[in-house]
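Written below as structure tokens is the structure these notes are about.
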Amino acid sequence: MGEQYGGDHQDFRGGEFNGDFTAKKVEYHQHGPAPTALDALPPKAAGFTGRGDQLAELLCAFDPDGGEAPGAVLVAAVSGLGGIGKTALAVEAVHEACEQGWFPGGVLFVNLHGYDDDRVTPEQALETLLRALGTPPEHIPSGVDARAALYRSVLAARERELGAVLVLADNASSAEQVRPLHPGGVRHRLLATSRSKLPQLGARLLPLGELSPEEACDLLDRALRIAAADDARVANESEAAAELALLCGHLPLALQIAAALLVLDRDKLVAELVVELAESGDRLLHLDDGERSVRAAFDLSYRRLPAEQARLLRLLALAPGPEVTAEVVASLDGADTAPVRVLDALCRAHLVERGSGRGRWRLHDLVRAFGLRVVKDEEELWEEGEAARERVLEFYCRWAYEADDRLRWLPGAEEPERFGNRAEALAWFDGERAGLVAAVQWAREERFAITAVRLSEALAEYLDWRRSFDDLITVCGVVGEAAHRAGNRVSEGIAWSNLGNALRETGQVEEAVDAHVRARHLFQVSGDRRHEANAWNNLGVVLPKIDRVEEAIEAHTRARELYRGVGDRHGEAMAWNNLGLALQEAGPAGEAIEAHTRALELYQGMEDRHFEATAWNNLGLALQLADRTGEAIDAHKKALMIYREFKDEYRAGTALQNLALAHESEDRPAEARTCYLQAADAYTRANSPTESAQARTRAEELTP
């Protein structure tokens, strides 16, 4: 029986029919040719750069001879923050794999729009892939299971006829969206990209982080040169370009937008854009080129978060410092313990990252900026955030004071409960230092000023111990202004005193004198004799550095009498010790030895081992001036032993350097050289490179 197509009737001529029959009109619609598997693969991203290690790892996974277990179908999942460059990397890898000839059956591409309001369902994705494989629409069944079965069957046939196929499923939001796209077979590969890690797939996971500073600058340079080959602004302004890359968080999307802004204005210097971003109250507002927006990219992820995750992300954006510990997270959350389950979920979504150690978390700079803007845009969320910040500040105050108590603790006094020893207290301070310093700067805000000022006073001993003088200067400047606004003369005076000590240690001597004079005046006006004694003592320490030794002696004598008047034996010992140093400058070694001996006796009586070491060290210097070198060496060795006991590397370096000087005076260059080298190592461990270099140079001068 023949049939002719194209008219409105059916021609049955020549047919033979037995019994009743019914003829139905059948309509045929002409379709365009089914696309080949490669038709829909996006082109490589223009200016793609960096990602060498990750690209190599993906190509190793794609390699049919890469050593995978027999029969395994490898699934790889590239995950990362929105705008991190997942799709660009995946497409680059797929193109390179095709150039290697590993997928003669072709490449299938489907965008799952996982974070859009109308995300692609697995059933829709399978229809797209089946059409790409040339399956007529009328042959595609309904239902995920039926479509998945047909999909695997078609891929199996394609493998037999042409070879392996690679499937790229871009922008998935969940494992459920990807799992039905598993291609089956033994040679096919499936690559998924997602803002979330997809551990449920049993895939090789490749989390993608920000670019390195060098890669980020290279991306900026390439983007400008693509638009105009002679655009050398990035190369000509390398420092500004590095700052721009930092302000963009080394995030590819942000960098591409910044490059587009420069391309649009060929006369704009890179440094000008840096100033605009740095001075903007909302960086994300500027990182928008009309078509692409960092804020919009982040908002897609944020809107899909459950309420508890969205709340914690907002609170984390308010945290002081670059990363937070579990205790700080618990304070932000208003709970006894950190919500680890919620944190883990945010980590899987790449909105929170693991910090520098276990139990520490951080936000990408631009995610933090996004979270802050969300909080500021709604009054209710703002108040929630302010309450969280109050909790964190109170937490820091409690713990910092207990840690400070442990650092200052002497035998016979009541022991602090939270920290069992100095090492524990120092370790806590070390771990929280950046957050503590950042939290103190909240003193600029009236709501937090009183608590932030209190917090600052618990940090001075620690920051001095770790020789973190830049941090100490920052803290004192902010707190001094806050205390002045509040009319708190004592706290303002303490800030000036601590600032003076930090300025002295950084070589800013005249400024240090001025700070201590200001502190002394504030304590005198407020009638606080103990703190006035501290101010006299600190002033006496710095005056010899500008050749005002006699005034220094008077200052320490005044401090000693004030300490005695308030019954502060520790302060009195400190005044004797510093008086001895001033007397050494003045010349009479005998009086200096007497002063240091008196300080030593007081410290030993209080069982203050650390300050005892200081007295031994300074006594050794006085003995050396008196040509009692053997006794001086013994004194410095005792100081060194105690400093090592306390792991005080800087002062151990000082004692070793003094030992070296004593050995030199005795014409023992080998012993002196050994002490100088040991001092250099101690200074290095104490993060004091200048002193280390000086000691090492002196050792080299003594080399035979």
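Residues are referred to by chain and number: the chain letter is A, B, ... according to the order shown in the structure tokens, the number counts from 1 in that chain, and ligands are numbered separately from 1 in the order shown.
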Check: What's the 12 Å shell around stretch 650-652 of chain A, counting only C-alpha atoms, without same-chain residues fewer than 6 positions away, as a PyMOL selection string?
Finding: chain A and resi 464-467+610-611+613-618+636-644+658-659+675-676+678-692
Next item on the list: From stretch 325-407 of chain A, collect each residue whose DSSP state is helix (DSSP H, G or I) and return the set as a ChimeraX atom specification.
Entry: /A:326-333,340-348,365-376,379-407
Notebook entry, point to check: Which residues, written as a PyMOL selection string, have at least one atom at most 8 Å from A:Arg314, with only C-alpha atoms counted and residues fewer than 2 positions away on the same chain left out?
Noted result: chain A and resi 310-312+316-318+371-372+374-375+385
Check: Skipping near chain neighbours, those fewer than 4 positions away, what residues fall within 7 Å of A:Ala632 using only C-alpha atoms, listed as JSON, numbers by chain?
Finding: {"A": [620, 621, 623, 624, 628, 636]}
Could you write out that same residue set with C-alpha atoms as a PDB file, in the first residue's frame?
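Written file, result.pdb:
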```pdb
ATOM      1  CA  GLY A 620      74.141  41.995  84.656  1.00  0.00           C
ATOM      2  CA  LEU A 621      74.499  45.184  82.627  1.00  0.00           C
ATOM      3  CA  LEU A 623      77.902  44.573  86.844  1.00  0.00           C
ATOM      4  CA  GLN A 624      79.497  44.734  83.413  1.00  0.00           C
ATOM      5  CA  ARG A 628      82.609  42.494  87.274  1.00  0.00           C
ATOM      6  CA  HIS A 636      72.563  37.105  82.243  1.00  0.00           C
TER       7      HIS A 636
END
```
Item checked: Who sits within 8 Å of stretch 214-227 of chain A, only C-alpha atoms, same chain under 4 positions skipped, as JSON, numbers by chain -> {"A": [46, 47, 48, 49, 50, 231, 232, 233, 234, 235, 241, 242, 245, 250, 251, 252, 255, 256, 258, 259, 260, 262, 263]}
Please write the residues from the selection above to a file, keeping N, CA, C and O atoms, as a PDB file, in the first residue's frame.
```pdb
ATOM      1  N   ALA A  46      36.581  34.386  27.153  1.00  0.00           N
ATOM      2  CA  ALA A  46      37.653  35.258  26.681  1.00  0.00           C
ATOM      3  C   ALA A  46      38.507  35.693  27.866  1.00  0.00           C
ATOM      4  O   ALA A  46      37.998  36.090  28.908  1.00  0.00           O
ATOM      5  N   GLY A  47      39.802  35.599  27.702  1.00  0.00           N
ATOM      6  CA  GLY A  47      40.701  36.054  28.758  1.00  0.00           C
ATOM      7  C   GLY A  47      40.819  35.101  29.928  1.00  0.00           C
ATOM      8  O   GLY A  47      41.308  35.482  30.993  1.00  0.00           O
ATOM      9  N   PHE A  48      40.392  33.849  29.758  1.00  0.00           N
ATOM     10  CA  PHE A  48      40.508  32.871  30.851  1.00  0.00           C
ATOM     11  C   PHE A  48      41.966  32.772  31.283  1.00  0.00           C
ATOM     12  O   PHE A  48      42.871  32.662  30.461  1.00  0.00           O
ATOM     13  N   THR A  49      42.200  32.798  32.586  1.00  0.00           N
ATOM     14  CA  THR A  49      43.563  32.730  33.086  1.00  0.00           C
ATOM     15  C   THR A  49      43.587  32.031  34.432  1.00  0.00           C
ATOM     16  O   THR A  49      42.575  31.956  35.129  1.00  0.00           O
ATOM     17  N   GLY A  50      44.771  31.531  34.797  1.00  0.00           N
ATOM     18  CA  GLY A  50      44.921  30.867  36.084  1.00  0.00           C
ATOM     19  C   GLY A  50      44.273  29.492  36.097  1.00  0.00           C
ATOM     20  O   GLY A  50      44.034  28.879  35.058  1.00  0.00           O
ATOM     21  N   ASP A 231      46.277  48.632  25.668  1.00  0.00           N
ATOM     22  CA  ASP A 231      45.856  49.108  26.994  1.00  0.00           C
ATOM     23  C   ASP A 231      46.755  48.484  28.058  1.00  0.00           C
ATOM     24  O   ASP A 231      46.571  47.335  28.459  1.00  0.00           O
ATOM     25  N   ALA A 232      47.726  49.234  28.510  1.00  0.00           N
ATOM     26  CA  ALA A 232      48.716  48.717  29.467  1.00  0.00           C
ATOM     27  C   ALA A 232      48.522  49.299  30.861  1.00  0.00           C
ATOM     28  O   ALA A 232      49.461  49.349  31.657  1.00  0.00           O
ATOM     29  N   ARG A 233      47.315  49.730  31.187  1.00  0.00           N
ATOM     30  CA  ARG A 233      47.098  50.380  32.482  1.00  0.00           C
ATOM     31  C   ARG A 233      47.434  49.468  33.656  1.00  0.00           C
ATOM     32  O   ARG A 233      48.011  49.913  34.656  1.00  0.00           O
ATOM     33  N   VAL A 234      47.081  48.191  33.558  1.00  0.00           N
ATOM     34  CA  VAL A 234      47.363  47.275  34.664  1.00  0.00           C
ATOM     35  C   VAL A 234      48.869  47.105  34.837  1.00  0.00           C
ATOM     36  O   VAL A 234      49.395  47.131  35.952  1.00  0.00           O
ATOM     37  N   ALA A 235      49.585  46.944  33.730  1.00  0.00           N
ATOM     38  CA  ALA A 235      51.040  46.792  33.802  1.00  0.00           C
ATOM     39  C   ALA A 235      51.704  48.069  34.312  1.00  0.00           C
ATOM     40  O   ALA A 235      52.660  48.019  35.090  1.00  0.00           O
ATOM     41  N   ALA A 241      46.775  48.073  40.609  1.00  0.00           N
ATOM     42  CA  ALA A 241      46.066  46.892  40.109  1.00  0.00           C
ATOM     43  C   ALA A 241      45.961  45.831  41.193  1.00  0.00           C
ATOM     44  O   ALA A 241      44.917  45.172  41.338  1.00  0.00           O
ATOM     45  N   ALA A 242      47.032  45.651  41.962  1.00  0.00           N
ATOM     46  CA  ALA A 242      46.989  44.678  43.060  1.00  0.00           C
ATOM     47  C   ALA A 242      45.955  45.088  44.106  1.00  0.00           C
ATOM     48  O   ALA A 242      45.236  44.240  44.656  1.00  0.00           O
ATOM     49  N   ALA A 245      42.519  44.394  42.681  1.00  0.00           N
ATOM     50  CA  ALA A 245      42.230  42.958  42.760  1.00  0.00           C
ATOM     51  C   ALA A 245      41.818  42.571  44.176  1.00  0.00           C
ATOM     52  O   ALA A 245      40.897  41.770  44.377  1.00  0.00           O
ATOM     53  N   HIS A 250      39.555  39.135  44.740  1.00  0.00           N
ATOM     54  CA  HIS A 250      40.127  38.153  43.797  1.00  0.00           C
ATOM     55  C   HIS A 250      39.042  37.238  43.226  1.00  0.00           C
ATOM     56  O   HIS A 250      39.311  36.099  42.851  1.00  0.00           O
ATOM     57  N   LEU A 251      37.815  37.759  43.176  1.00  0.00           N
ATOM     58  CA  LEU A 251      36.673  37.023  42.632  1.00  0.00           C
ATOM     59  C   LEU A 251      36.567  37.316  41.136  1.00  0.00           C
ATOM     60  O   LEU A 251      36.455  38.478  40.747  1.00  0.00           O
ATOM     61  N   PRO A 252      36.605  36.289  40.277  1.00  0.00           N
ATOM     62  CA  PRO A 252      36.597  36.534  38.832  1.00  0.00           C
ATOM     63  C   PRO A 252      35.466  37.440  38.352  1.00  0.00           C
ATOM     64  O   PRO A 252      35.701  38.332  37.535  1.00  0.00           O
ATOM     65  N   LEU A 255      36.241  40.978  39.282  1.00  0.00           N
ATOM     66  CA  LEU A 255      37.373  41.451  38.485  1.00  0.00           C
ATOM     67  C   LEU A 255      36.942  41.777  37.060  1.00  0.00           C
ATOM     68  O   LEU A 255      37.366  42.784  36.472  1.00  0.00           O
ATOM     69  N   GLN A 256      36.096  40.928  36.481  1.00  0.00           N
ATOM     70  CA  GLN A 256      35.614  41.174  35.119  1.00  0.00           C
ATOM     71  C   GLN A 256      34.774  42.452  35.052  1.00  0.00           C
ATOM     72  O   GLN A 256      34.866  43.221  34.088  1.00  0.00           O
ATOM     73  N   ALA A 258      35.074  45.032  37.148  1.00  0.00           N
ATOM     74  CA  ALA A 258      36.012  46.144  37.306  1.00  0.00           C
ATOM     75  C   ALA A 258      36.736  46.429  35.998  1.00  0.00           C
ATOM     76  O   ALA A 258      36.920  47.596  35.613  1.00  0.00           O
ATOM     77  N   ALA A 259      37.134  45.359  35.304  1.00  0.00           N
ATOM     78  CA  ALA A 259      37.804  45.543  34.008  1.00  0.00           C
ATOM     79  C   ALA A 259      36.866  46.215  33.010  1.00  0.00           C
ATOM     80  O   ALA A 259      37.281  47.103  32.250  1.00  0.00           O
ATOM     81  N   ALA A 260      35.602  45.824  33.019  1.00  0.00           N
ATOM     82  CA  ALA A 260      34.634  46.426  32.101  1.00  0.00           C
ATOM     83  C   ALA A 260      34.471  47.915  32.381  1.00  0.00           C
ATOM     84  O   ALA A 260      34.341  48.730  31.457  1.00  0.00           O
ATOM     85  N   LEU A 262      36.759  49.880  33.517  1.00  0.00           N
ATOM     86  CA  LEU A 262      37.947  50.536  32.981  1.00  0.00           C
ATOM     87  C   LEU A 262      37.902  50.596  31.456  1.00  0.00           C
ATOM     88  O   LEU A 262      38.339  51.581  30.855  1.00  0.00           O
ATOM     89  N   VAL A 263      37.380  49.548  30.844  1.00  0.00           N
ATOM     90  CA  VAL A 263      37.274  49.528  29.385  1.00  0.00           C
ATOM     91  C   VAL A 263      36.340  50.630  28.899  1.00  0.00           C
ATOM     92  O   VAL A 263      36.589  51.285  27.884  1.00  0.00           O
TER      93      VAL A 263
END
```
Notebook entry, point to check: Which residues come within 10 Å of A:Thr474, counting only C-alpha atoms, excluding same-chain residues fewer than 6 positions away, as a PyMOL selection string?
Noted result: chain A and resi 437-438+440-441+499+502
Restricting it to N, CA and C atoms, dump the selection as a PDB file, in the first residue's frame.
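Listed below is the output, result_21.pdb:
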```
ATOM      1  N   VAL A 437      41.085  43.101  68.365  1.00  0.00           N
ATOM      2  CA  VAL A 437      41.486  44.444  67.926  1.00  0.00           C
ATOM      3  C   VAL A 437      40.366  45.101  67.124  1.00  0.00           C
ATOM      4  N   ALA A 438      39.705  44.310  66.284  1.00  0.00           N
ATOM      5  CA  ALA A 438      38.594  44.854  65.495  1.00  0.00           C
ATOM      6  C   ALA A 438      37.423  45.244  66.396  1.00  0.00           C
ATOM      7  N   VAL A 440      37.507  46.217  69.528  1.00  0.00           N
ATOM      8  CA  VAL A 440      37.819  47.440  70.268  1.00  0.00           C
ATOM      9  C   VAL A 440      37.487  48.674  69.438  1.00  0.00           C
ATOM     10  N   GLN A 441      37.636  48.568  68.130  1.00  0.00           N
ATOM     11  CA  GLN A 441      37.370  49.723  67.272  1.00  0.00           C
ATOM     12  C   GLN A 441      35.883  50.059  67.184  1.00  0.00           C
ATOM     13  N   LEU A 499      49.687  53.919  74.749  1.00  0.00           N
ATOM     14  CA  LEU A 499      50.128  54.451  73.461  1.00  0.00           C
ATOM     15  C   LEU A 499      51.580  54.916  73.552  1.00  0.00           C
ATOM     16  N   ALA A 502      53.931  51.974  73.324  1.00  0.00           N
ATOM     17  CA  ALA A 502      54.018  51.441  71.963  1.00  0.00           C
ATOM     18  C   ALA A 502      54.829  52.370  71.066  1.00  0.00           C
TER      19      ALA A 502
END
```
Margin query: Can you tell me which residues surround A:Phe419 at a distance of at most 12 Å, considering only C-alpha atoms, apart from same-chain residues fewer than 5 positions away, and format the answer as JSON, numbers by chain?
Written below: {"A": [399, 400, 401, 402, 403, 404, 405, 406, 407, 409, 424, 425, 426, 427, 428, 429]}
Using only all heavy atoms, please write the residues we just selected to a file, as a CSV table (one decimal), in the first residue's frame.
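Writing done, so here's again35.csv:
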```csv
chain,number,residue,atom,x,y,z
A,399,TRP,N,36.3,36.9,78.6
A,399,TRP,CA,37.4,36.0,78.3
A,399,TRP,C,38.7,36.7,78.4
A,399,TRP,O,39.8,36.2,78.8
A,399,TRP,CB,37.2,35.3,77.0
A,399,TRP,CG,36.2,34.2,77.1
A,399,TRP,CD1,34.9,34.2,77.6
A,399,TRP,CD2,36.4,32.8,76.7
A,399,TRP,NE1,34.3,33.0,77.5
A,399,TRP,CE2,35.2,32.1,77.0
A,399,TRP,CE3,37.5,32.1,76.2
A,399,TRP,CZ2,35.0,30.8,76.7
A,399,TRP,CZ3,37.3,30.7,75.9
A,399,TRP,CH2,36.1,30.1,76.2
A,400,ALA,N,38.8,37.9,77.8
A,400,ALA,CA,40.0,38.7,77.8
A,400,ALA,C,40.5,39.0,79.2
A,400,ALA,O,41.7,39.0,79.4
A,400,ALA,CB,39.9,39.9,76.9
A,401,TYR,N,39.6,39.4,80.0
A,401,TYR,CA,40.0,39.8,81.4
A,401,TYR,C,40.5,38.5,82.1
A,401,TYR,O,41.5,38.6,82.9
A,401,TYR,CB,38.9,40.4,82.2
A,401,TYR,CG,38.9,41.9,82.0
A,401,TYR,CD1,38.1,42.5,81.0
A,401,TYR,CD2,39.7,42.7,82.8
A,401,TYR,CE1,38.2,43.9,80.9
A,401,TYR,CE2,39.8,44.1,82.7
A,401,TYR,CZ,39.0,44.7,81.7
A,401,TYR,OH,39.1,46.0,81.5
A,402,GLU,N,39.9,37.4,81.9
A,402,GLU,CA,40.4,36.2,82.5
A,402,GLU,C,41.8,35.7,82.0
A,402,GLU,O,42.6,35.3,82.7
A,402,GLU,CB,39.4,35.0,82.4
A,402,GLU,CG,38.1,35.3,83.1
A,402,GLU,CD,37.3,34.0,83.4
A,402,GLU,OE1,37.9,33.0,83.7
A,402,GLU,OE2,36.1,34.1,83.2
A,403,ALA,N,42.0,35.9,80.7
A,403,ALA,CA,43.3,35.6,80.1
A,403,ALA,C,44.3,36.6,80.6
A,403,ALA,O,45.5,36.2,80.9
A,403,ALA,CB,43.2,35.7,78.6
A,404,ASP,N,43.9,37.9,80.7
A,404,ASP,CA,44.9,38.9,81.2
A,404,ASP,C,45.2,38.6,82.7
A,404,ASP,O,46.4,38.7,83.1
A,404,ASP,CB,44.2,40.3,81.1
A,404,ASP,CG,45.2,41.4,81.5
A,404,ASP,OD1,46.3,41.4,80.9
A,404,ASP,OD2,44.9,42.2,82.3
A,405,ASP,N,44.2,38.2,83.5
A,405,ASP,CA,44.5,37.8,84.9
A,405,ASP,C,45.5,36.7,85.0
A,405,ASP,O,46.4,36.7,85.8
A,405,ASP,CB,43.2,37.4,85.6
A,405,ASP,CG,42.3,38.6,85.9
A,405,ASP,OD1,42.8,39.7,85.8
A,405,ASP,OD2,41.1,38.3,86.2
A,406,ARG,N,45.4,35.7,84.0
A,406,ARG,CA,46.4,34.6,84.1
A,406,ARG,C,47.8,35.1,83.7
A,406,ARG,O,48.8,34.7,84.3
A,406,ARG,CB,45.9,33.5,83.1
A,406,ARG,CG,46.9,32.4,82.9
A,406,ARG,CD,47.4,31.8,84.2
A,406,ARG,NE,46.4,31.0,84.8
A,406,ARG,CZ,46.6,30.4,86.0
A,406,ARG,NH1,47.8,30.5,86.6
A,406,ARG,NH2,45.7,29.6,86.6
A,407,LEU,N,47.9,36.0,82.7
A,407,LEU,CA,49.2,36.6,82.4
A,407,LEU,C,49.8,37.3,83.5
A,407,LEU,O,51.1,37.3,83.7
A,407,LEU,CB,49.1,37.5,81.1
A,407,LEU,CG,48.7,36.8,79.8
A,407,LEU,CD1,48.8,37.9,78.7
A,407,LEU,CD2,49.5,35.6,79.5
A,409,TRP,N,49.1,36.8,86.8
A,409,TRP,CA,49.0,36.1,88.0
A,409,TRP,C,50.3,35.8,88.7
A,409,TRP,O,51.3,35.5,88.0
A,409,TRP,CB,48.3,34.8,87.8
A,409,TRP,CG,48.1,33.9,89.0
A,409,TRP,CD1,47.2,34.0,90.0
A,409,TRP,CD2,49.0,32.8,89.4
A,409,TRP,NE1,47.4,33.1,90.9
A,409,TRP,CE2,48.5,32.3,90.6
A,409,TRP,CE3,50.1,32.2,88.8
A,409,TRP,CZ2,49.1,31.3,91.3
A,409,TRP,CZ3,50.7,31.2,89.5
A,409,TRP,CH2,50.2,30.7,90.7
A,424,GLU,N,48.0,28.7,77.9
A,424,GLU,CA,46.6,28.6,77.4
A,424,GLU,C,46.1,30.0,77.2
A,424,GLU,O,45.4,30.3,76.2
A,424,GLU,CB,45.8,27.9,78.5
A,424,GLU,CG,46.0,26.4,78.6
A,424,GLU,CD,45.1,25.7,79.6
A,424,GLU,OE1,44.1,26.4,80.1
A,424,GLU,OE2,45.3,24.6,79.9
A,425,ALA,N,46.4,30.9,78.1
A,425,ALA,CA,45.9,32.3,77.9
A,425,ALA,C,46.5,33.0,76.7
A,425,ALA,O,45.8,33.6,75.9
A,425,ALA,CB,46.3,33.1,79.2
A,426,LEU,N,47.8,32.7,76.5
A,426,LEU,CA,48.4,33.3,75.3
A,426,LEU,C,47.9,32.7,74.0
A,426,LEU,O,47.7,33.4,73.0
A,426,LEU,CB,50.0,33.1,75.3
A,426,LEU,CG,50.7,34.0,76.3
A,426,LEU,CD1,52.2,33.5,76.5
A,426,LEU,CD2,50.7,35.4,75.9
A,427,ALA,N,47.6,31.4,74.0
A,427,ALA,CA,47.1,30.7,72.9
A,427,ALA,C,45.7,31.3,72.5
A,427,ALA,O,45.3,31.5,71.3
A,427,ALA,CB,47.0,29.2,73.1
A,428,TRP,N,44.9,31.6,73.6
A,428,TRP,CA,43.5,32.2,73.3
A,428,TRP,C,43.7,33.6,72.7
A,428,TRP,O,43.0,33.9,71.7
A,428,TRP,CB,42.7,32.2,74.6
A,428,TRP,CG,41.3,32.8,74.3
A,428,TRP,CD1,40.3,32.1,73.8
A,428,TRP,CD2,40.9,34.1,74.4
A,428,TRP,NE1,39.2,32.9,73.7
A,428,TRP,CE2,39.6,34.2,74.0
A,428,TRP,CE3,41.5,35.3,74.9
A,428,TRP,CZ2,38.8,35.4,74.1
A,428,TRP,CZ3,40.8,36.5,74.9
A,428,TRP,CH2,39.5,36.5,74.5
A,429,PHE,N,44.5,34.4,73.3
A,429,PHE,CA,44.8,35.7,72.8
A,429,PHE,C,45.3,35.6,71.3
A,429,PHE,O,44.8,36.4,70.5
A,429,PHE,CB,45.8,36.4,73.6
A,429,PHE,CG,45.2,37.2,74.8
A,429,PHE,CD1,45.7,37.1,76.0
A,429,PHE,CD2,44.2,38.1,74.6
A,429,PHE,CE1,45.2,37.9,77.1
A,429,PHE,CE2,43.7,38.9,75.6
A,429,PHE,CZ,44.2,38.8,76.9
```
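Here atom CA of A:Leu246 stands at a distance of 18.6 Å from atom CA of A:Lys268.
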Next item on the list: Could you check which of A:Gly653, A:Gly605, A:Pro137, A:Gly82 is closest to A:Ala296, using only C-alpha atoms?
Entry: A:Gly82
